[in-house]
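Here is the structure we will look at.
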Amino acid sequence: MYKNIIFDFGGVMVDFDPKEYLVDRFCNAETEELVSQLTFESEEWKLLDAGLLSRYEANQRMLTHAKEHDCVFEVQGVLDDWMHILRPRRKMQELVQKLKAHGYCVYYLSNIPEDVLALLMERDFQGLFDGGVASCEVHVNKPDPRIYQALLDKYGLKASESVFIDDRQDNVQAAFELGFVGIRMKDSVGTLVRSLATCNVVVR
């Protein structure tokens with residue numbers, strides 16, 4: 001029944017846990033919350049994902065806001081350093097390869113800036129996927145239904161034949177409302193494989 005398996009990147013194909021990173025970096029709950037709001041949770045971060053701001057423009061805006069809160073040093077450190085937390089999940093790459101070997105088409109659908117997309121594609125995902133859509137390319141972020149539709153339209157896919165995997169419930173719910181099967185990635189690859197099995201998706 002299902003022909004297409006669609007993967008998010010951050011929190012699914014690669015480790016991406018900003019809160020854990022900030023805890024390790026600052027060991028101070030108040031600082032962690034403030035810096036998170038000024039960076040990962042900021043409007044600038046969303047615009048960067050959507051390809052509506054350059055990395056330089058987004059960083060400058062975030063630093064301007066940081067100055068108002070007297071934490072330029074902390075925010076600058078995060079902006080210089082955060083990409084190292086994007087560690088590839090090798091077992092997920094193996095899962096994608098197994099799905100392809102079983103005849104499934106595999107795609108990505110990710111909220112991601114242009115520079116990070118280029119990094120991951122060159123470093124980790126070269127030749128791994130049959131295609132995909134990134135928010136920076138279509139200028140809209142999940143869970144906006146238009147980004148899911150962009151993927152369907154680009155490759156002539158049917159939502160009813162597609163399984164979408166993401167670590168965020170709101171993104172999974174948006175896909176479900178468009179007719180996809182949605183699976184939330186919670187912990188281990190083994191749990192995901194069992195969830196896929198309930199959809200009769202064979203990976204062994």
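Note on naming: chains are A, B, ... as they come in the structure tokens, residues start from 1 per chain, ligands start from 1 in the order shown.
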
Contacts of Met13 (chain A) at 9 Å (only C-alpha atoms; same-chain gap of 3+ positions) as a list in words: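 The neighbour list is Phe7, Asp8, Phe9, Gly10, Arg87, Pro88, Arg89, Arg90, Lys91, Met92 and Gln93 of chain A.
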
Counting only C-alpha atoms, the residue of A:Cys136, A:Cys27, A:Leu178, A:Val172 that sits nearest Ala159 (chain A):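 Smallest distance to Ala159 (chain A) is found for A:Leu178.
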
Members of region 108-177 of chain A assigned alpha helix (DSSP H) by DSSP, as a ChimeraX atom specification: /A:114-123,135-138,145-155,169-177

For Trp82 (chain A), the nearest of the candidates A:Thr39, A:Asn171, A:Ser110, A:Gln126, counting only C-alpha atoms: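 The answer is A:Thr39, which sits nearest to Trp82 (chain A).
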
Region 182-196 of chain A environment, 9 Å, only C-alpha atoms, sequence neighbours closer than 3 positions dropped, as a PyMOL selection string: chain A and resi 11-12+91-92+95+162-169+171-176+179+199-204

Those same residues, written as a PDB file, in the first residue's frame with N, CA and C atoms?
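Saved as part.pdb:
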ATOM      1  N   GLY A  11      16.629  15.566  14.467  1.00  0.00           N
ATOM      2  CA  GLY A  11      15.882  14.747  15.413  1.00  0.00           C
ATOM      3  C   GLY A  11      15.442  13.413  14.847  1.00  0.00           C
ATOM      4  N   VAL A  12      15.713  13.198  13.557  1.00  0.00           N
ATOM      5  CA  VAL A  12      15.380  11.921  12.910  1.00  0.00           C
ATOM      6  C   VAL A  12      16.629  11.346  12.236  1.00  0.00           C
ATOM      7  N   LYS A  91      22.523   4.445  12.108  1.00  0.00           N
ATOM      8  CA  LYS A  91      21.479   3.406  12.022  1.00  0.00           C
ATOM      9  C   LYS A  91      20.293   3.879  11.190  1.00  0.00           C
ATOM     10  N   MET A  92      20.029   5.178  11.215  1.00  0.00           N
ATOM     11  CA  MET A  92      18.963   5.714  10.374  1.00  0.00           C
ATOM     12  C   MET A  92      19.365   5.661   8.905  1.00  0.00           C
ATOM     13  N   LEU A  95      18.809   2.233   7.815  1.00  0.00           N
ATOM     14  CA  LEU A  95      17.382   1.981   7.621  1.00  0.00           C
ATOM     15  C   LEU A  95      16.920   2.497   6.266  1.00  0.00           C
ATOM     16  N   SER A 162       2.034   7.400   1.222  1.00  0.00           N
ATOM     17  CA  SER A 162       3.268   7.916   1.813  1.00  0.00           C
ATOM     18  C   SER A 162       3.230   7.888   3.337  1.00  0.00           C
ATOM     19  N   VAL A 163       4.380   7.549   3.922  1.00  0.00           N
ATOM     20  CA  VAL A 163       4.573   7.568   5.374  1.00  0.00           C
ATOM     21  C   VAL A 163       5.566   8.679   5.694  1.00  0.00           C
ATOM     22  N   PHE A 164       5.179   9.541   6.625  1.00  0.00           N
ATOM     23  CA  PHE A 164       6.023  10.683   6.993  1.00  0.00           C
ATOM     24  C   PHE A 164       6.512  10.516   8.426  1.00  0.00           C
ATOM     25  N   ILE A 165       7.819  10.708   8.636  1.00  0.00           N
ATOM     26  CA  ILE A 165       8.456  10.504   9.947  1.00  0.00           C
ATOM     27  C   ILE A 165       9.104  11.807  10.398  1.00  0.00           C
ATOM     28  N   ASP A 166       8.736  12.265  11.595  1.00  0.00           N
ATOM     29  CA  ASP A 166       9.238  13.530  12.134  1.00  0.00           C
ATOM     30  C   ASP A 166       9.296  13.405  13.647  1.00  0.00           C
ATOM     31  N   ASP A 167      10.132  14.214  14.293  1.00  0.00           N
ATOM     32  CA  ASP A 167      10.226  14.156  15.752  1.00  0.00           C
ATOM     33  C   ASP A 167       9.237  15.093  16.433  1.00  0.00           C
ATOM     34  N   ARG A 168       8.563  15.959  15.677  1.00  0.00           N
ATOM     35  CA  ARG A 168       7.628  16.927  16.263  1.00  0.00           C
ATOM     36  C   ARG A 168       6.183  16.518  15.969  1.00  0.00           C
ATOM     37  N   GLN A 169       5.382  16.503  17.013  1.00  0.00           N
ATOM     38  CA  GLN A 169       3.995  16.074  16.864  1.00  0.00           C
ATOM     39  C   GLN A 169       3.201  16.998  15.950  1.00  0.00           C
ATOM     40  N   ASN A 171       4.202  18.623  13.346  1.00  0.00           N
ATOM     41  CA  ASN A 171       4.540  18.320  11.952  1.00  0.00           C
ATOM     42  C   ASN A 171       3.900  17.013  11.493  1.00  0.00           C
ATOM     43  N   VAL A 172       3.882  16.026  12.382  1.00  0.00           N
ATOM     44  CA  VAL A 172       3.238  14.745  12.073  1.00  0.00           C
ATOM     45  C   VAL A 172       1.733  14.936  11.884  1.00  0.00           C
ATOM     46  N   GLN A 173       1.131  15.731  12.756  1.00  0.00           N
ATOM     47  CA  GLN A 173      -0.308  15.980  12.682  1.00  0.00           C
ATOM     48  C   GLN A 173      -0.688  16.677  11.373  1.00  0.00           C
ATOM     49  N   ALA A 174       0.126  17.631  10.952  1.00  0.00           N
ATOM     50  CA  ALA A 174      -0.138  18.340   9.697  1.00  0.00           C
ATOM     51  C   ALA A 174      -0.104  17.384   8.512  1.00  0.00           C
ATOM     52  N   ALA A 175       0.850  16.461   8.526  1.00  0.00           N
ATOM     53  CA  ALA A 175       0.936  15.468   7.452  1.00  0.00           C
ATOM     54  C   ALA A 175      -0.290  14.550   7.469  1.00  0.00           C
ATOM     55  N   PHE A 176      -0.671  14.133   8.655  1.00  0.00           N
ATOM     56  CA  PHE A 176      -1.846  13.256   8.817  1.00  0.00           C
ATOM     57  C   PHE A 176      -3.104  13.910   8.239  1.00  0.00           C
ATOM     58  N   GLY A 179      -3.460  13.479   4.637  1.00  0.00           N
ATOM     59  CA  GLY A 179      -3.661  12.126   4.134  1.00  0.00           C
ATOM     60  C   GLY A 179      -2.471  11.203   4.229  1.00  0.00           C
ATOM     61  N   CYS A 199       2.453  -0.497   9.691  1.00  0.00           N
ATOM     62  CA  CYS A 199       1.960   0.006   8.407  1.00  0.00           C
ATOM     63  C   CYS A 199       2.271  -0.958   7.260  1.00  0.00           C
ATOM     64  N   ASN A 200       2.724  -2.172   7.638  1.00  0.00           N
ATOM     65  CA  ASN A 200       3.123  -3.173   6.649  1.00  0.00           C
ATOM     66  C   ASN A 200       4.283  -2.712   5.772  1.00  0.00           C
ATOM     67  N   VAL A 201       5.144  -1.872   6.332  1.00  0.00           N
ATOM     68  CA  VAL A 201       6.362  -1.455   5.642  1.00  0.00           C
ATOM     69  C   VAL A 201       7.472  -2.403   6.064  1.00  0.00           C
ATOM     70  N   VAL A 202       8.003  -3.173   5.104  1.00  0.00           N
ATOM     71  CA  VAL A 202       8.987  -4.213   5.399  1.00  0.00           C
ATOM     72  C   VAL A 202      10.385  -3.631   5.333  1.00  0.00           C
ATOM     73  N   VAL A 203      11.174  -3.852   6.396  1.00  0.00           N
ATOM     74  CA  VAL A 203      12.538  -3.334   6.403  1.00  0.00           C
ATOM     75  C   VAL A 203      13.560  -4.406   6.790  1.00  0.00           C
ATOM     76  N   ARG A 204      13.127  -5.602   7.037  1.00  0.00           N
ATOM     77  CA  ARG A 204      14.079  -6.656   7.444  1.00  0.00           C
ATOM     78  C   ARG A 204      14.384  -7.608   6.289  1.00  0.00           C
TER      79      ARG A 204
END

Residues near Thr64 (chain A), cut-off 12 Å, only C-alpha atoms, skip fewer than 4 positions along chain, as a PyMOL selection string: chain A and resi 38-39+44+57-60+68-73+75-76

Two-atom distance - CA of Asp130 (chain A), CA of Ser54 (chain A) (Å):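 Result for CA of Asp130 (chain A) versus CA of Ser54 (chain A): 27.2 Å, one decimal.
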
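Inside chain A, the residues DSSP reads as strand (DSSP E) when given the backbone are Asn4, Ile5, Ile6, Phe7, Cys105, Val106, Tyr107, Tyr108, Leu109, Ser110, Gly131, Gly132, Val133, Ala134, Ser162, Val163, Phe164, Ile165, Asp166, Val181, Gly182, Ile183 and Arg184 of chain A.
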
One-decimal distance in Å that lies between CA of Ala134 (chain A) and CA of Asp170 (chain A):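 That distance, rounded to one decimal, is 17.3 Å.
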
A:Val96, A:Tyr56, A:Ala197, A:Ile6 ranked by distance to Val133 (chain A), top pick (using only C-alpha atoms):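 The closest residue to Val133 (chain A) is A:Ile6.
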